[in-house]
>>> print(open('run23.pdb').read())   # PDB, C-alpha atoms, pLDDT in the B column
ATOM      1  CA  MET A   8     142.791  81.076 149.026  1.00 41.00           C
ATOM      2  CA  TYR A   9     146.057  82.723 148.049  1.00 44.00           C
ATOM      3  CA  LEU A  10     147.815  81.449 144.966  1.00 43.00           C
ATOM      4  CA  LYS A  11     151.344  82.530 145.817  1.00 45.00           C
ATOM      5  CA  SER A  12     153.042  80.670 142.973  1.00 42.00           C
ATOM      6  CA  ASP A  13     151.955  83.195 140.338  1.00 45.00           C
ATOM      7  CA  GLN A  14     152.845  86.332 142.265  1.00 45.00           C
ATOM      8  CA  GLU A  15     155.816  88.612 141.917  1.00 49.00           C
ATOM      9  CA  LYS A  16     157.440  89.569 145.228  1.00 49.00           C
ATOM     10  CA  HIS A  17     156.017  93.113 145.142  1.00 48.00           C
ATOM     11  CA  GLN A  18     152.560  91.958 144.060  1.00 49.00           C
ATOM     12  CA  LYS A  19     149.807  92.060 146.685  1.00 55.00           C
ATOM     13  CA  ILE A  20     147.219  89.810 144.974  1.00 54.00           C
ATOM     14  CA  PRO A  21     147.522  86.737 142.725  1.00 56.00           C
ATOM     15  CA  THR A  22     147.732  87.427 139.009  1.00 54.00           C
ATOM     16  CA  TYR A  23     145.045  84.912 138.111  1.00 60.00           C
ATOM     17  CA  GLY A  24     143.058  84.744 141.364  1.00 68.00           C
ATOM     18  CA  ALA A  25     140.413  82.038 141.318  1.00 73.00           C
ATOM     19  CA  ALA A  26     140.084  82.290 137.536  1.00 76.00           C
ATOM     20  CA  PRO A  27     141.734  78.993 136.513  1.00 79.00           C
ATOM     21  CA  TYR A  28     139.534  77.027 138.913  1.00 81.00           C
ATOM     22  CA  LEU A  29     136.384  78.804 137.784  1.00 83.00           C
ATOM     23  CA  PHE A  30     137.238  78.391 134.108  1.00 83.00           C
ATOM     24  CA  ILE A  31     137.839  74.655 134.516  1.00 88.00           C
ATOM     25  CA  THR A  32     134.624  74.228 136.525  1.00 88.00           C
ATOM     26  CA  ILE A  33     132.539  76.050 133.904  1.00 86.00           C
ATOM     27  CA  LEU A  34     134.223  74.061 131.136  1.00 86.00           C
ATOM     28  CA  VAL A  35     133.463  70.772 132.913  1.00 90.00           C
ATOM     29  CA  LEU A  36     129.827  71.819 133.434  1.00 87.00           C
ATOM     30  CA  ASN A  37     129.458  72.642 129.732  1.00 85.00           C
ATOM     31  CA  LEU A  38     131.182  69.461 128.560  1.00 87.00           C
ATOM     32  CA  THR A  39     129.024  67.382 130.893  1.00 89.00           C
ATOM     33  CA  GLY A  40     125.959  69.138 129.525  1.00 85.00           C
ATOM     34  CA  LEU A  41     127.082  68.426 125.969  1.00 84.00           C
ATOM     35  CA  LEU A  42     127.583  64.735 126.693  1.00 86.00           C
ATOM     36  CA  LEU A  43     124.283  64.433 128.557  1.00 86.00           C
ATOM     37  CA  SER A  44     122.354  66.289 125.847  1.00 82.00           C
ATOM     38  CA  GLN A  45     123.338  63.548 123.396  1.00 80.00           C
ATOM     39  CA  SER A  46     121.971  60.800 125.640  1.00 82.00           C
ATOM     40  CA  VAL A  47     120.049  61.227 128.907  1.00 80.00           C
ATOM     41  CA  LEU A  48     118.799  64.752 128.159  1.00 81.00           C
ATOM     42  CA  GLU A  49     118.058  64.145 124.483  1.00 81.00           C
ATOM     43  CA  SER A  50     114.372  64.959 125.053  1.00 85.00           C
ATOM     44  CA  GLY A  51     115.313  68.639 125.489  1.00 85.00           C
ATOM     45  CA  LEU A  52     116.813  69.043 122.020  1.00 85.00           C
ATOM     46  CA  LEU A  53     115.106  71.742 119.979  1.00 85.00           C
ATOM     47  CA  LYS A  54     114.317  71.425 116.306  1.00 86.00           C
ATOM     48  CA  GLY A  55     113.379  73.796 113.513  1.00 86.00           C
ATOM     49  CA  GLY A  56     113.187  77.551 114.032  1.00 88.00           C
ATOM     50  CA  PHE A  57     113.911  77.445 117.761  1.00 89.00           C
ATOM     51  CA  LYS A  58     117.120  75.519 117.116  1.00 90.00           C
ATOM     52  CA  ASP A  59     118.214  78.197 114.630  1.00 92.00           C
ATOM     53  CA  LEU A  60     117.266  80.973 117.051  1.00 93.00           C
ATOM     54  CA  PHE A  61     119.346  79.360 119.815  1.00 92.00           C
ATOM     55  CA  TYR A  62     122.309  79.065 117.413  1.00 92.00           C
ATOM     56  CA  LEU A  63     122.015  82.712 116.389  1.00 95.00           C
ATOM     57  CA  ILE A  64     121.690  84.084 119.932  1.00 96.00           C
ATOM     58  CA  GLY A  65     124.478  81.781 121.155  1.00 95.00           C
ATOM     59  CA  PHE A  66     126.825  82.913 118.396  1.00 96.00           C
ATOM     60  CA  LEU A  67     126.051  86.605 119.030  1.00 97.00           C
ATOM     61  CA  LEU A  68     126.703  86.184 122.761  1.00 96.00           C
ATOM     62  CA  MET A  69     130.069  84.578 122.029  1.00 95.00           C
ATOM     63  CA  VAL A  70     131.013  87.499 119.746  1.00 97.00           C
ATOM     64  CA  VAL A  71     130.030  90.027 122.444  1.00 95.00           C
ATOM     65  CA  ALA A  72     131.952  87.984 125.028  1.00 94.00           C
ATOM     66  CA  ALA A  73     135.076  87.991 122.845  1.00 93.00           C
ATOM     67  CA  ARG A  74     134.861  91.779 122.530  1.00 93.00           C
ATOM     68  CA  ILE A  75     134.460  92.218 126.300  1.00 91.00           C
ATOM     69  CA  GLN A  76     137.362  89.811 126.903  1.00 87.00           C
ATOM     70  CA  TRP A  77     139.566  91.837 124.558  1.00 88.00           C
ATOM     71  CA  LEU A  78     138.562  95.140 126.165  1.00 87.00           C
ATOM     72  CA  SER A  79     139.125  93.825 129.687  1.00 84.00           C
ATOM     73  CA  GLY A  80     142.276  91.813 129.178  1.00 77.00           C
ATOM     74  CA  VAL A  81     144.215  93.253 126.276  1.00 75.00           C
ATOM     75  CA  LYS A  82     143.121  96.856 125.797  1.00 73.00           C
ATOM     76  CA  SER A  83     142.976  97.708 129.509  1.00 68.00           C
ATOM     77  CA  PHE A  84     146.432  96.292 130.386  1.00 69.00           C
ATOM     78  CA  ILE A  85     144.898  94.647 133.467  1.00 73.00           C
ATOM     79  CA  SER A  86     147.942  92.446 134.083  1.00 67.00           C
ATOM     80  CA  THR A  87     150.034  95.587 134.630  1.00 67.00           C
ATOM     81  CA  SER A  88     147.452  96.906 137.105  1.00 70.00           C
ATOM     82  CA  ILE A  89     147.522  93.610 139.010  1.00 66.00           C
ATOM     83  CA  GLN A  90     151.318  93.543 139.133  1.00 68.00           C
ATOM     84  CA  THR A  91     151.474  97.120 140.435  1.00 73.00           C
ATOM     85  CA  SER A  92     148.511  96.582 142.810  1.00 77.00           C
ATOM     86  CA  GLU A  93     146.560  99.384 141.103  1.00 81.00           C
ATOM     87  CA  LEU A  94     142.767  99.417 141.406  1.00 86.00           C
ATOM     88  CA  LYS A  95     141.589  99.472 137.788  1.00 84.00           C
ATOM     89  CA  THR A  96     138.498 101.715 137.468  1.00 85.00           C
ATOM     90  CA  THR A  97     138.782 103.041 133.919  1.00 86.00           C
ATOM     91  CA  GLY A  98     137.737 101.719 130.522  1.00 86.00           C
ATOM     92  CA  ILE A  99     135.436  98.732 130.747  1.00 88.00           C
ATOM     93  CA  TYR A 100     136.233  98.531 134.479  1.00 89.00           C
ATOM     94  CA  ALA A 101     134.238 101.745 134.893  1.00 89.00           C
ATOM     95  CA  ARG A 102     131.166  99.729 133.771  1.00 90.00           C
ATOM     96  CA  THR A 103     131.711  96.329 135.403  1.00 91.00           C
ATOM     97  CA  ARG A 104     134.042  95.190 138.163  1.00 91.00           C
ATOM     98  CA  ASN A 105     134.531  91.737 136.649  1.00 89.00           C
ATOM     99  CA  PRO A 106     134.449  91.994 132.852  1.00 91.00           C
ATOM    100  CA  ILE A 107     136.681  88.962 132.310  1.00 87.00           C
ATOM    101  CA  TYR A 108     134.453  86.695 134.392  1.00 88.00           C
ATOM    102  CA  PHE A 109     131.376  88.267 132.799  1.00 92.00           C
ATOM    103  CA  SER A 110     132.750  87.498 129.321  1.00 91.00           C
ATOM    104  CA  TRP A 111     133.353  83.881 130.340  1.00 89.00           C
ATOM    105  CA  TRP A 112     129.783  83.634 131.572  1.00 91.00           C
ATOM    106  CA  LEU A 113     128.445  85.131 128.322  1.00 94.00           C
ATOM    107  CA  SER A 114     130.558  82.667 126.336  1.00 92.00           C
ATOM    108  CA  SER A 115     129.222  79.845 128.449  1.00 90.00           C
ATOM    109  CA  ILE A 116     125.647  80.956 127.799  1.00 93.00           C
ATOM    110  CA  GLY A 117     126.442  81.167 124.087  1.00 94.00           C
ATOM    111  CA  ILE A 118     127.904  77.661 124.084  1.00 90.00           C
ATOM    112  CA  THR A 119     124.911  76.362 126.050  1.00 90.00           C
ATOM    113  CA  LEU A 120     122.488  77.922 123.581  1.00 91.00           C
ATOM    114  CA  THR A 121     124.308  76.485 120.576  1.00 90.00           C
ATOM    115  CA  MET A 122     123.757  73.025 122.083  1.00 88.00           C
ATOM    116  CA  HIS A 123     120.036  73.873 121.617  1.00 88.00           C
ATOM    117  CA  ASN A 124     118.879  71.758 124.554  1.00 88.00           C
ATOM    118  CA  MET A 125     116.240  73.165 126.891  1.00 88.00           C
ATOM    119  CA  TRP A 126     117.471  71.033 129.814  1.00 88.00           C
ATOM    120  CA  LEU A 127     120.877  72.694 129.690  1.00 88.00           C
ATOM    121  CA  LEU A 128     119.436  76.136 130.403  1.00 90.00           C
ATOM    122  CA  ILE A 129     119.659  75.211 134.099  1.00 91.00           C
ATOM    123  CA  LEU A 130     123.454  75.617 133.752  1.00 89.00           C
ATOM    124  CA  ILE A 131     123.060  79.383 133.300  1.00 91.00           C
ATOM    125  CA  PRO A 132     121.872  80.243 136.839  1.00 93.00           C
ATOM    126  CA  ILE A 133     124.135  77.565 138.361  1.00 92.00           C
ATOM    127  CA  GLN A 134     127.173  79.191 136.760  1.00 90.00           C
ATOM    128  CA  TRP A 135     125.971  82.670 137.778  1.00 91.00           C
ATOM    129  CA  VAL A 136     125.727  81.606 141.426  1.00 93.00           C
ATOM    130  CA  LEU A 137     129.072  79.784 141.282  1.00 90.00           C
ATOM    131  CA  LEU A 138     130.857  82.811 139.827  1.00 89.00           C
ATOM    132  CA  THR A 139     129.215  85.224 142.274  1.00 91.00           C
ATOM    133  CA  VAL A 140     130.034  83.174 145.368  1.00 91.00           C
ATOM    134  CA  VAL A 141     133.638  82.478 144.395  1.00 89.00           C
ATOM    135  CA  ILE A 142     134.345  86.071 143.331  1.00 88.00           C
ATOM    136  CA  ARG A 143     132.910  87.423 146.585  1.00 90.00           C
ATOM    137  CA  ILE A 144     135.086  85.183 148.770  1.00 88.00           C
ATOM    138  CA  THR A 145     138.276  85.572 146.727  1.00 86.00           C
ATOM    139  CA  ASP A 146     138.844  88.518 144.399  1.00 85.00           C
ATOM    140  CA  GLU A 147     136.522  90.968 146.137  1.00 89.00           C
ATOM    141  CA  LYS A 148     137.933  90.086 149.551  1.00 89.00           C
ATOM    142  CA  TRP A 149     141.513  90.519 148.294  1.00 85.00           C
ATOM    143  CA  LEU A 150     140.738  93.840 146.645  1.00 87.00           C
ATOM    144  CA  TYR A 151     138.977  95.180 149.732  1.00 91.00           C
ATOM    145  CA  GLU A 152     141.913  94.164 151.933  1.00 87.00           C
ATOM    146  CA  LEU A 153     144.298  95.882 149.535  1.00 87.00           C
ATOM    147  CA  HIS A 154     142.362  99.061 148.647  1.00 89.00           C
ATOM    148  CA  GLY A 155     139.913  99.487 151.559  1.00 92.00           C
ATOM    149  CA  GLU A 156     137.455 102.374 151.187  1.00 94.00           C
ATOM    150  CA  ALA A 157     138.521 103.094 147.597  1.00 94.00           C
ATOM    151  CA  TYR A 158     137.353  99.606 146.626  1.00 93.00           C
ATOM    152  CA  LYS A 159     134.173  99.969 148.694  1.00 94.00           C
ATOM    153  CA  ASP A 160     133.370 103.234 146.864  1.00 95.00           C
ATOM    154  CA  TYR A 161     134.114 101.543 143.528  1.00 94.00           C
ATOM    155  CA  CYS A 162     131.717  98.716 144.425  1.00 93.00           C
ATOM    156  CA  ALA A 163     129.015 101.268 145.251  1.00 92.00           C
ATOM    157  CA  ARG A 164     129.403 102.868 141.791  1.00 92.00           C
ATOM    158  CA  VAL A 165     129.968  99.876 139.521  1.00 93.00           C
ATOM    159  CA  ASN A 166     128.049  96.607 139.051  1.00 91.00           C
ATOM    160  CA  ARG A 167     129.772  93.315 139.754  1.00 90.00           C
ATOM    161  CA  TRP A 168     128.778  91.755 136.426  1.00 85.00           C
ATOM    162  CA  ILE A 169     126.502  93.445 133.939  1.00 83.00           C
ATOM    163  CA  PRO A 170     128.211  96.458 132.314  1.00 80.00           C
ATOM    164  CA  ILE A 171     125.374  98.946 132.666  1.00 79.00           C
ATOM    165  CA  LYS A 172     125.009 102.011 134.837  1.00 76.00           C
ATOM    166  CA  LYS A 173     124.262 101.031 138.432  1.00 70.00           C
ATOM    167  CA  ILE A 174     120.786 101.848 139.668  1.00 69.00           C
ATOM    168  CA  LYS A 175     120.874 103.659 142.985  1.00 63.00           C
TER     169      LYS A 175
END
>>> encode(input="run23.pdb", output="structure tokens")
Amino acid sequence: MYLKSDQEKHQKIPTYGAAPYLFITILVLNLTGLLLSQSVLESGLLKGGFKDLFYLIGFLLMVVAARIQWLSGVKSFISTSIQTSELKTTGIYARTRNPIYFSWWLSSIGITLTMHNMWLLILIPIQWVLLTVVIRITDEKWLYELHGEAYKDYCARVNRWIPIKKIK
């Protein structure tokens, strides 16, 4: 899946990769969940203290996600690295190979929790699997083709998602 329309002539990989498709899919899943939680899945709505706890955790996750998004997109100058075909391994990219996707997933979890519906928790692992599968067959494949062993070594050192030190 090459998205040639967003590439400069000297660029080896698409600027946005599979991101627009993943973002739209996650958005549709969350919107569907929101609509269903107000009707068919209404029995899963939490009340009282649990509702407040879900709101609090959801809000905190969205704040953390915004920070990760800023670190990975703005502070790291990732668009420059993509345009010059540089393998970005510093900053937040030294902790996670996919901080932008990870921040989207955290935001999605936060949004799901603020809907305070137990039935919607099933969206969390569905989105995790969706992101993992798509990233493996698109971005990771492109980066391996472009950077070879350097990317393989990077993968051995750094987690795909969660920005913690990799356990060997």
>>> atom_distance(input="run23.pdb", atom1="CA of Ile169 in chain A", atom2="CA of Ile64 in chain A")
17.5 Å
>>> atom_distance(input="run23.pdb", atom1="CA of Leu127 in chain A", atom2="CA of Val35 in chain A")
13.1 Å
>>> atom_distance(input="run23.pdb", atom1="CA of Thr97 in chain A", atom2="CA of Glu152 in chain A")
20.3 Å
>>> resolve_selection(input="run23.pdb", expression="the PyMOL selection byres ((chain A and resi 76-80) around 10)", output="list in words")
Val70, Val71, Ala72, Ala73, Arg74, Ile75, Val81, Lys82, Ser83, Phe84, Ile85, Ser86, Gly98, Ile99, Tyr100, Thr103, Arg104, Asn105, Pro106, Ile107, Tyr108, Phe109, Ser110, Trp111 and Ser114 of chain A
>>> residues_around(input="run23.pdb", residues="Trp126 in chain A", least_positions_apart="6", cutoff="12 Å", atoms="all atoms listed in the file", output="list of chain:residue names")
A:Gly40, A:Leu41, A:Leu43, A:Ser44, A:Gln45, A:Ser46, A:Val47, A:Leu48, A:Glu49, A:Ser50, A:Gly51, A:Leu52, A:Leu53, A:Thr119, A:Leu120
>>> write_last_selection(input="run23.pdb", atoms="C-alpha atoms", output="PDB file, in the coordinates of the input")
ATOM      1  CA  GLY A  40     125.959  69.138 129.525  1.00 85.00           C
ATOM      2  CA  LEU A  41     127.082  68.426 125.969  1.00 84.00           C
ATOM      3  CA  LEU A  43     124.283  64.433 128.557  1.00 86.00           C
ATOM      4  CA  SER A  44     122.354  66.289 125.847  1.00 82.00           C
ATOM      5  CA  GLN A  45     123.338  63.548 123.396  1.00 80.00           C
ATOM      6  CA  SER A  46     121.971  60.800 125.640  1.00 82.00           C
ATOM      7  CA  VAL A  47     120.049  61.227 128.907  1.00 80.00           C
ATOM      8  CA  LEU A  48     118.799  64.752 128.159  1.00 81.00           C
ATOM      9  CA  GLU A  49     118.058  64.145 124.483  1.00 81.00           C
ATOM     10  CA  SER A  50     114.372  64.959 125.053  1.00 85.00           C
ATOM     11  CA  GLY A  51     115.313  68.639 125.489  1.00 85.00           C
ATOM     12  CA  LEU A  52     116.813  69.043 122.020  1.00 85.00           C
ATOM     13  CA  LEU A  53     115.106  71.742 119.979  1.00 85.00           C
ATOM     14  CA  THR A 119     124.911  76.362 126.050  1.00 90.00           C
ATOM     15  CA  LEU A 120     122.488  77.922 123.581  1.00 91.00           C
TER      16      LEU A 120
END
>>> residues_around(input="run23.pdb", residues="Leu130 in chain A", least_positions_apart="4", cutoff="12 Å", atoms="all atoms listed in the file", output="MDAnalysis selection string")
chainID A and resid 32:41 112 115:120 122 124:126 134:138
>>> build_atoms(input="run23.pdb", residues="range 149-172 of chain A", atoms="N, CA and C atoms", output="PDB file, keeping the file's coordinate frame")
ATOM      1  N   TRP A 149     140.124  90.084 148.485  1.00 85.00           N
ATOM      2  CA  TRP A 149     141.513  90.519 148.294  1.00 85.00           C
ATOM      3  C   TRP A 149     141.578  92.003 147.963  1.00 85.00           C
ATOM      4  N   LEU A 150     140.713  92.434 147.054  1.00 87.00           N
ATOM      5  CA  LEU A 150     140.738  93.840 146.645  1.00 87.00           C
ATOM      6  C   LEU A 150     140.324  94.769 147.780  1.00 87.00           C
ATOM      7  N   TYR A 151     139.371  94.353 148.585  1.00 91.00           N
ATOM      8  CA  TYR A 151     138.977  95.180 149.732  1.00 91.00           C
ATOM      9  C   TYR A 151     140.119  95.268 150.741  1.00 91.00           C
ATOM     10  N   GLU A 152     140.777  94.152 151.003  1.00 87.00           N
ATOM     11  CA  GLU A 152     141.913  94.164 151.933  1.00 87.00           C
ATOM     12  C   GLU A 152     143.035  95.067 151.421  1.00 87.00           C
ATOM     13  N   LEU A 153     143.214  95.103 150.121  1.00 87.00           N
ATOM     14  CA  LEU A 153     144.298  95.882 149.535  1.00 87.00           C
ATOM     15  C   LEU A 153     143.956  97.368 149.390  1.00 87.00           C
ATOM     16  N   HIS A 154     142.722  97.679 148.977  1.00 89.00           N
ATOM     17  CA  HIS A 154     142.362  99.061 148.647  1.00 89.00           C
ATOM     18  C   HIS A 154     141.368  99.707 149.616  1.00 89.00           C
ATOM     19  N   GLY A 155     140.794  98.939 150.525  1.00 92.00           N
ATOM     20  CA  GLY A 155     139.913  99.487 151.559  1.00 92.00           C
ATOM     21  C   GLY A 155     138.736 100.287 151.035  1.00 92.00           C
ATOM     22  N   GLU A 156     138.604 101.515 151.522  1.00 94.00           N
ATOM     23  CA  GLU A 156     137.455 102.374 151.187  1.00 94.00           C
ATOM     24  C   GLU A 156     137.384 102.713 149.701  1.00 94.00           C
ATOM     25  N   ALA A 157     138.529 102.807 149.037  1.00 94.00           N
ATOM     26  CA  ALA A 157     138.521 103.094 147.597  1.00 94.00           C
ATOM     27  C   ALA A 157     137.793 101.974 146.849  1.00 94.00           C
ATOM     28  N   TYR A 158     138.037 100.726 147.269  1.00 93.00           N
ATOM     29  CA  TYR A 158     137.353  99.606 146.626  1.00 93.00           C
ATOM     30  C   TYR A 158     135.874  99.579 147.012  1.00 93.00           C
ATOM     31  N   LYS A 159     135.567  99.916 148.248  1.00 94.00           N
ATOM     32  CA  LYS A 159     134.173  99.969 148.694  1.00 94.00           C
ATOM     33  C   LYS A 159     133.399 101.022 147.893  1.00 94.00           C
ATOM     34  N   ASP A 160     133.995 102.184 147.675  1.00 95.00           N
ATOM     35  CA  ASP A 160     133.370 103.234 146.864  1.00 95.00           C
ATOM     36  C   ASP A 160     133.186 102.767 145.423  1.00 95.00           C
ATOM     37  N   TYR A 161     134.188 102.089 144.886  1.00 94.00           N
ATOM     38  CA  TYR A 161     134.114 101.543 143.528  1.00 94.00           C
ATOM     39  C   TYR A 161     132.949 100.550 143.423  1.00 94.00           C
ATOM     40  N   CYS A 162     132.819  99.683 144.410  1.00 93.00           N
ATOM     41  CA  CYS A 162     131.717  98.716 144.425  1.00 93.00           C
ATOM     42  C   CYS A 162     130.355  99.414 144.467  1.00 93.00           C
ATOM     43  N   ALA A 163     130.277 100.525 145.166  1.00 92.00           N
ATOM     44  CA  ALA A 163     129.015 101.268 145.251  1.00 92.00           C
ATOM     45  C   ALA A 163     128.642 101.902 143.906  1.00 92.00           C
ATOM     46  N   ARG A 164     129.641 102.208 143.086  1.00 92.00           N
ATOM     47  CA  ARG A 164     129.403 102.868 141.791  1.00 92.00           C
ATOM     48  C   ARG A 164     129.218 101.907 140.627  1.00 92.00           C
ATOM     49  N   VAL A 165     129.866 100.742 140.695  1.00 93.00           N
ATOM     50  CA  VAL A 165     129.968  99.876 139.521  1.00 93.00           C
ATOM     51  C   VAL A 165     129.418  98.480 139.828  1.00 93.00           C
ATOM     52  N   ASN A 166     128.616  97.948 138.904  1.00 91.00           N
ATOM     53  CA  ASN A 166     128.049  96.607 139.051  1.00 91.00           C
ATOM     54  C   ASN A 166     129.132  95.539 139.053  1.00 91.00           C
ATOM     55  N   ARG A 167     128.840  94.448 139.724  1.00 90.00           N
ATOM     56  CA  ARG A 167     129.772  93.315 139.754  1.00 90.00           C
ATOM     57  C   ARG A 167     129.881  92.679 138.372  1.00 90.00           C
ATOM     58  N   TRP A 168     128.768  92.511 137.680  1.00 85.00           N
ATOM     59  CA  TRP A 168     128.778  91.755 136.426  1.00 85.00           C
ATOM     60  C   TRP A 168     128.354  92.562 135.215  1.00 85.00           C
ATOM     61  N   ILE A 169     127.087  92.891 135.160  1.00 83.00           N
ATOM     62  CA  ILE A 169     126.502  93.445 133.939  1.00 83.00           C
ATOM     63  C   ILE A 169     126.992  94.876 133.721  1.00 83.00           C
ATOM     64  N   PRO A 170     127.606  95.145 132.567  1.00 80.00           N
ATOM     65  CA  PRO A 170     128.211  96.458 132.314  1.00 80.00           C
ATOM     66  C   PRO A 170     127.197  97.543 131.926  1.00 80.00           C
ATOM     67  N   ILE A 171     126.315  97.832 132.855  1.00 79.00           N
ATOM     68  CA  ILE A 171     125.374  98.946 132.666  1.00 79.00           C
ATOM     69  C   ILE A 171     125.469  99.842 133.879  1.00 79.00           C
ATOM     70  N   LYS A 172     124.955 101.058 133.744  1.00 76.00           N
ATOM     71  CA  LYS A 172     125.009 102.011 134.837  1.00 76.00           C
ATOM     72  C   LYS A 172     124.241 101.457 136.041  1.00 76.00           C
TER      73      LYS A 172
END
